[in-house]
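Everything below belongs to model.cif, which stores mmCIF, C-alpha atoms and all ligand atoms.
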```cif
data_work
loop_
_atom_site.group_PDB
_atom_site.id
_atom_site.type_symbol
_atom_site.label_atom_id
_atom_site.label_comp_id
_atom_site.auth_asym_id
_atom_site.auth_seq_id
_atom_site.Cartn_x
_atom_site.Cartn_y
_atom_site.Cartn_z
ATOM 1 C CA MET A 1 20.018 32.616 -40.925
ATOM 2 C CA THR A 2 21.206 34.815 -43.788
ATOM 3 C CA GLU A 3 19.673 35.062 -47.233
ATOM 4 C CA THR A 4 22.533 33.047 -48.680
ATOM 5 C CA THR A 5 22.268 30.085 -46.303
ATOM 6 C CA PRO A 6 21.852 27.094 -48.648
ATOM 7 C CA LEU A 7 18.354 25.632 -48.693
ATOM 8 C CA VAL A 8 19.188 22.794 -51.086
ATOM 9 C CA GLY A 9 22.145 20.451 -50.841
ATOM 10 C CA ILE A 10 23.224 18.896 -54.133
ATOM 11 C CA ILE A 11 25.320 15.824 -53.498
ATOM 12 C CA MET A 12 26.815 13.377 -55.969
ATOM 13 C CA GLY A 13 28.765 10.165 -55.872
ATOM 14 C CA SER A 14 31.630 11.337 -58.046
ATOM 15 C CA GLN A 15 33.186 14.392 -59.611
ATOM 16 C CA SER A 16 32.195 12.769 -62.905
ATOM 17 C CA ASP A 17 28.527 13.376 -62.016
ATOM 18 C CA TRP A 18 28.951 17.146 -61.865
ATOM 19 C CA THR A 19 28.553 17.690 -65.616
ATOM 20 C CA THR A 20 24.995 16.432 -65.209
ATOM 21 C CA MET A 21 24.234 17.628 -61.687
ATOM 22 C CA ARG A 22 25.253 21.202 -62.403
ATOM 23 C CA ARG A 23 21.928 21.473 -64.235
ATOM 24 C CA ALA A 24 20.238 21.284 -60.849
ATOM 25 C CA GLY A 25 22.326 24.176 -59.572
ATOM 26 C CA GLU A 26 21.723 26.230 -62.705
ATOM 27 C CA THR A 27 17.977 25.714 -62.365
ATOM 28 C CA LEU A 28 18.019 26.707 -58.684
ATOM 29 C CA ASP A 29 19.983 29.820 -59.670
ATOM 30 C CA ARG A 30 17.202 30.779 -62.090
ATOM 31 C CA LEU A 31 14.799 30.617 -59.152
ATOM 32 C CA ASP A 32 17.168 32.485 -56.842
ATOM 33 C CA ILE A 33 17.273 29.585 -54.393
ATOM 34 C CA PRO A 34 20.570 29.225 -52.486
ATOM 35 C CA TRP A 35 22.281 25.862 -52.791
ATOM 36 C CA GLU A 36 25.574 24.100 -52.202
ATOM 37 C CA ALA A 37 27.225 21.103 -53.880
ATOM 38 C CA ARG A 38 29.391 18.317 -52.452
ATOM 39 C CA VAL A 39 30.918 15.065 -53.690
ATOM 40 C CA THR A 40 29.927 12.438 -51.120
ATOM 41 C CA SER A 41 30.084 8.817 -52.214
ATOM 42 C CA ALA A 42 28.134 6.144 -50.352
ATOM 43 C CA HIS A 43 30.921 3.675 -51.113
ATOM 44 C CA ARG A 44 34.135 5.709 -51.399
ATOM 45 C CA THR A 45 33.533 8.353 -48.722
ATOM 46 C CA PRO A 46 30.895 6.849 -46.415
ATOM 47 C CA GLU A 47 31.934 8.867 -43.351
ATOM 48 C CA ARG A 48 31.758 12.141 -45.303
ATOM 49 C CA LEU A 49 28.295 11.232 -46.535
ATOM 50 C CA HIS A 50 27.099 10.227 -43.073
ATOM 51 C CA ARG A 51 28.345 13.477 -41.562
ATOM 52 C CA TYR A 52 26.802 15.585 -44.318
ATOM 53 C CA ALA A 53 23.399 13.899 -44.181
ATOM 54 C CA THR A 54 23.144 13.790 -40.390
ATOM 55 C CA GLU A 55 24.060 17.478 -40.048
ATOM 56 C CA ALA A 56 22.000 18.703 -43.017
ATOM 57 C CA ARG A 57 18.796 19.702 -41.208
ATOM 58 C CA ASP A 58 20.572 21.492 -38.374
ATOM 59 C CA ARG A 59 22.606 23.429 -40.952
ATOM 60 C CA GLY A 60 19.362 24.795 -42.422
ATOM 61 C CA LEU A 61 19.061 22.666 -45.524
ATOM 62 C CA LYS A 62 15.469 21.797 -46.490
ATOM 63 C CA VAL A 63 15.914 19.390 -49.416
ATOM 64 C CA ILE A 64 18.742 17.144 -50.598
ATOM 65 C CA ILE A 65 19.217 16.320 -54.283
ATOM 66 C CA ALA A 66 21.444 13.269 -54.734
ATOM 67 C CA GLY A 67 22.889 12.220 -58.084
ATOM 68 C CA ALA A 68 24.585 8.857 -58.485
ATOM 69 C CA GLY A 69 25.234 6.191 -61.066
ATOM 70 C CA MET A 70 25.733 2.437 -61.253
ATOM 71 C CA ALA A 71 24.811 0.894 -57.847
ATOM 72 C CA ALA A 72 23.553 4.384 -56.918
ATOM 73 C CA ALA A 73 23.334 3.863 -53.167
ATOM 74 C CA LEU A 74 23.880 7.553 -52.410
ATOM 75 C CA PRO A 75 20.309 8.901 -52.156
ATOM 76 C CA GLY A 76 19.067 5.933 -50.163
ATOM 77 C CA SER A 77 22.026 6.097 -47.806
ATOM 78 C CA ALA A 78 21.421 9.798 -47.247
ATOM 79 C CA ALA A 79 17.685 9.282 -46.770
ATOM 80 C CA ALA A 80 18.412 6.646 -44.133
ATOM 81 C CA VAL A 81 19.969 9.200 -41.797
ATOM 82 C CA THR A 82 18.101 12.456 -42.500
ATOM 83 C CA PRO A 83 14.413 13.349 -42.191
ATOM 84 C CA LEU A 84 14.767 15.826 -45.071
ATOM 85 C CA PRO A 85 13.188 14.955 -48.435
ATOM 86 C CA VAL A 86 15.793 13.330 -50.670
ATOM 87 C CA LEU A 87 15.410 13.546 -54.454
ATOM 88 C CA GLY A 88 17.456 11.044 -56.449
ATOM 89 C CA VAL A 89 18.842 11.631 -59.933
ATOM 90 C CA PRO A 90 20.158 8.541 -61.772
ATOM 91 C CA MET A 91 23.324 9.160 -63.821
ATOM 92 C CA GLU A 92 23.371 7.939 -67.377
ATOM 93 C CA GLY A 93 27.024 6.916 -67.668
ATOM 94 C CA SER A 94 26.918 3.144 -67.228
ATOM 95 C CA LEU A 95 26.661 0.043 -69.372
ATOM 96 C CA MET A 96 22.896 0.124 -68.794
ATOM 97 C CA GLY A 97 22.545 3.811 -69.633
ATOM 98 C CA GLY A 98 21.357 4.740 -66.161
ATOM 99 C CA LEU A 99 18.535 2.198 -65.925
ATOM 100 C CA ASP A 100 20.500 0.392 -63.223
ATOM 101 C CA ALA A 101 20.741 3.554 -61.130
ATOM 102 C CA LEU A 102 17.078 4.431 -61.762
ATOM 103 C CA LEU A 103 15.895 1.082 -60.447
ATOM 104 C CA ALA A 104 18.283 1.160 -57.489
ATOM 105 C CA MET A 105 16.914 4.543 -56.419
ATOM 106 C CA ALA A 106 13.262 3.805 -57.086
ATOM 107 C CA GLN A 107 13.243 0.398 -55.405
ATOM 108 C CA MET A 108 13.751 1.587 -51.857
ATOM 109 C CA PRO A 109 12.336 -0.644 -49.129
ATOM 110 C CA PRO A 110 9.136 0.734 -47.578
ATOM 111 C CA GLY A 111 9.958 3.167 -44.781
ATOM 112 C CA ILE A 112 12.804 5.149 -46.358
ATOM 113 C CA PRO A 113 11.624 6.897 -49.535
ATOM 114 C CA VAL A 114 13.726 8.495 -52.247
ATOM 115 C CA GLY A 115 11.839 10.720 -54.676
ATOM 116 C CA THR A 116 13.363 9.435 -57.883
ATOM 117 C CA LEU A 117 13.569 11.599 -60.992
ATOM 118 C CA GLY A 118 14.392 10.707 -64.582
ATOM 119 C CA ILE A 119 17.838 9.760 -65.852
ATOM 120 C CA GLY A 120 20.470 12.395 -66.535
ATOM 121 C CA ARG A 121 20.146 16.104 -67.240
ATOM 122 C CA ALA A 122 16.349 16.168 -67.441
ATOM 123 C CA GLY A 123 16.223 14.496 -64.052
ATOM 124 C CA ALA A 124 18.686 16.978 -62.563
ATOM 125 C CA THR A 125 16.637 19.909 -63.870
ATOM 126 C CA ASN A 126 13.389 18.424 -62.622
ATOM 127 C CA ALA A 127 14.892 17.612 -59.228
ATOM 128 C CA ALA A 128 15.636 21.303 -58.802
ATOM 129 C CA LEU A 129 12.103 22.246 -59.848
ATOM 130 C CA LEU A 130 10.618 19.698 -57.477
ATOM 131 C CA ALA A 131 12.832 20.991 -54.674
ATOM 132 C CA ALA A 132 11.558 24.483 -55.489
ATOM 133 C CA ALA A 133 7.965 23.271 -55.335
ATOM 134 C CA ILE A 134 8.605 21.747 -51.905
ATOM 135 C CA LEU A 135 10.205 24.960 -50.666
ATOM 136 C CA ALA A 136 7.369 27.002 -52.180
ATOM 137 C CA LEU A 137 4.887 25.374 -49.810
ATOM 138 C CA GLY A 138 6.357 27.441 -46.992
ATOM 139 C CA ASP A 139 7.850 30.404 -48.853
ATOM 140 C CA SER A 140 5.573 32.667 -50.895
ATOM 141 C CA ALA A 141 8.508 34.455 -52.561
ATOM 142 C CA ILE A 142 9.814 31.168 -53.945
ATOM 143 C CA ALA A 143 6.255 30.244 -54.941
ATOM 144 C CA ASP A 144 5.987 33.498 -56.900
ATOM 145 C CA ARG A 145 9.321 32.880 -58.647
ATOM 146 C CA LEU A 146 8.334 29.323 -59.518
ATOM 147 C CA ASP A 147 5.030 30.591 -60.950
ATOM 148 C CA ALA A 148 6.962 33.142 -63.036
ATOM 149 C CA PHE A 149 9.386 30.471 -64.248
ATOM 150 C CA ARG A 150 6.532 28.284 -65.412
ATOM 151 C CA ALA A 151 4.707 31.167 -67.056
ATOM 152 C CA ALA A 152 7.855 32.134 -68.973
ATOM 153 C CA GLN A 153 8.353 28.525 -70.004
ATOM 154 C CA THR A 154 4.791 28.354 -71.306
ATOM 155 C CA ALA A 155 5.157 31.650 -73.179
ATOM 156 C CA ALA A 156 8.323 30.354 -74.868
ATOM 157 C CA VAL A 157 6.540 27.405 -76.504
ATOM 158 C CA PRO A 158 5.512 28.350 -80.080
ATOM 159 C CA GLU A 159 2.040 27.339 -81.157
ATOM 160 C CA ILE A 160 3.108 27.003 -84.775
ATOM 161 C CA PRO A 161 6.355 25.118 -85.381
ATOM 162 C CA GLY A 162 9.105 26.992 -87.194
ATOM 163 C CA GLU A 163 12.404 25.987 -88.778
ATOM 164 C CA GLU A 164 15.063 24.501 -86.515
ATOM 165 C CA ALA A 165 17.716 27.054 -85.560
HETATM 166 C C1 LIG A 201 28.925 6.266 -58.833
HETATM 167 O O1 LIG A 201 29.749 5.622 -59.728
HETATM 168 C C2 LIG A 201 29.019 7.722 -59.159
HETATM 169 O O2 LIG A 201 27.857 8.391 -58.783
HETATM 170 C C3 LIG A 201 29.263 7.738 -60.633
HETATM 171 O O3 LIG A 201 28.065 7.998 -61.356
HETATM 172 C C4 LIG A 201 29.742 6.327 -60.936
HETATM 173 C C5 LIG A 201 31.118 6.284 -61.572
HETATM 174 O O4 LIG A 201 32.013 7.025 -60.780
HETATM 175 P P1 LIG A 201 33.474 7.360 -61.348
HETATM 176 O O5 LIG A 201 34.157 6.068 -61.598
HETATM 177 O O6 LIG A 201 33.285 8.169 -62.615
HETATM 178 O O7 LIG A 201 34.144 8.176 -60.259
HETATM 179 O O8 LIG A 201 29.297 6.016 -57.513
#
```
Re-express the file's structure as structure tokens.
Amino acid sequence: MTETTPLVGIIMGSQSDWTTMRRAGETLDRLDIPWEARVTSAHRTPERLHRYATEARDRGLKVIIAGAGMAAALPGSAAAVTPLPVLGVPMEGSLMGGLDALLAMAQMPPGIPVGTLGIGRAGATNAALLAAAILALGDSAIADRLDAFRAAQTAAVPEIPGEEA
């Protein structure tokens, strides 16, 4: 396995999800964690999704981050066929503002969990940080980088509020 073998697979139900899901990739980049991204819809490209999820572990992936909106079956469908941890990110672009996708992801039947994050960009960022925390359990270099990320984040918070930029 080379250093650049992806450890995290970022999948999404549509190209339209990428504007949000790219936050996950950007966050993983800050932690120097290799990742890949694919559009794999549970409804529109079910065979592509099934192939991706069933092959994921053997390809060296450790965590899957799945972003989807509306019916949002993607993370649950992936979780059904891979033993890897699947983190779901609900997309905000629906009549219900993403609440529909949030509930669809969170309300998995017992036996097939999806670790569901918040709606939209915050959820995509936090999915990447949670993936990093999972990877850090078995990789001290990632653990060190995650510690440094959090320390820098803490240092960047002013104690006394200033004027808005
Ligand atoms: C879901 O339907 C996708 O994840 C996306 O959030 C939503 C709308 O898809 P598009 O019509 O924009 O392709 O499957």
Selection as a ChimeraX atom specification: residues within 10 Å of ligand LIG 201 (chain A) by all atoms listed in the file: /A:11-18,20,39-44,66-74,89-94,98,101
Residues near Ala124 (chain A), cut-off 9 Å, all atoms listed in the file, skip fewer than 5 positions along chain, as a ChimeraX atom specification: /A:20-25,27,65,67,88-90,117-119,129
Target residues per the PyMOL selection byres (((chain A and resi 28) around 9) and not hetatm), formatted as JSON, numbers by chain: {"A": [8, 23, 24, 25, 26, 27, 29, 30, 31, 32, 33, 34, 35, 125, 128, 129, 131, 132]}
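Selection check: the PyMOL selection byres (((chain A and resi 53-60) around 6) and not hetatm) on the shown file gives His50, Arg51, Tyr52, Leu61, Ala78, Val81 and Thr82 of chain A.
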Point-to-point distance from CA of Lys62 (chain A) to CA of Ile134 (chain A), Å rounded to tenths: 8.7 Å
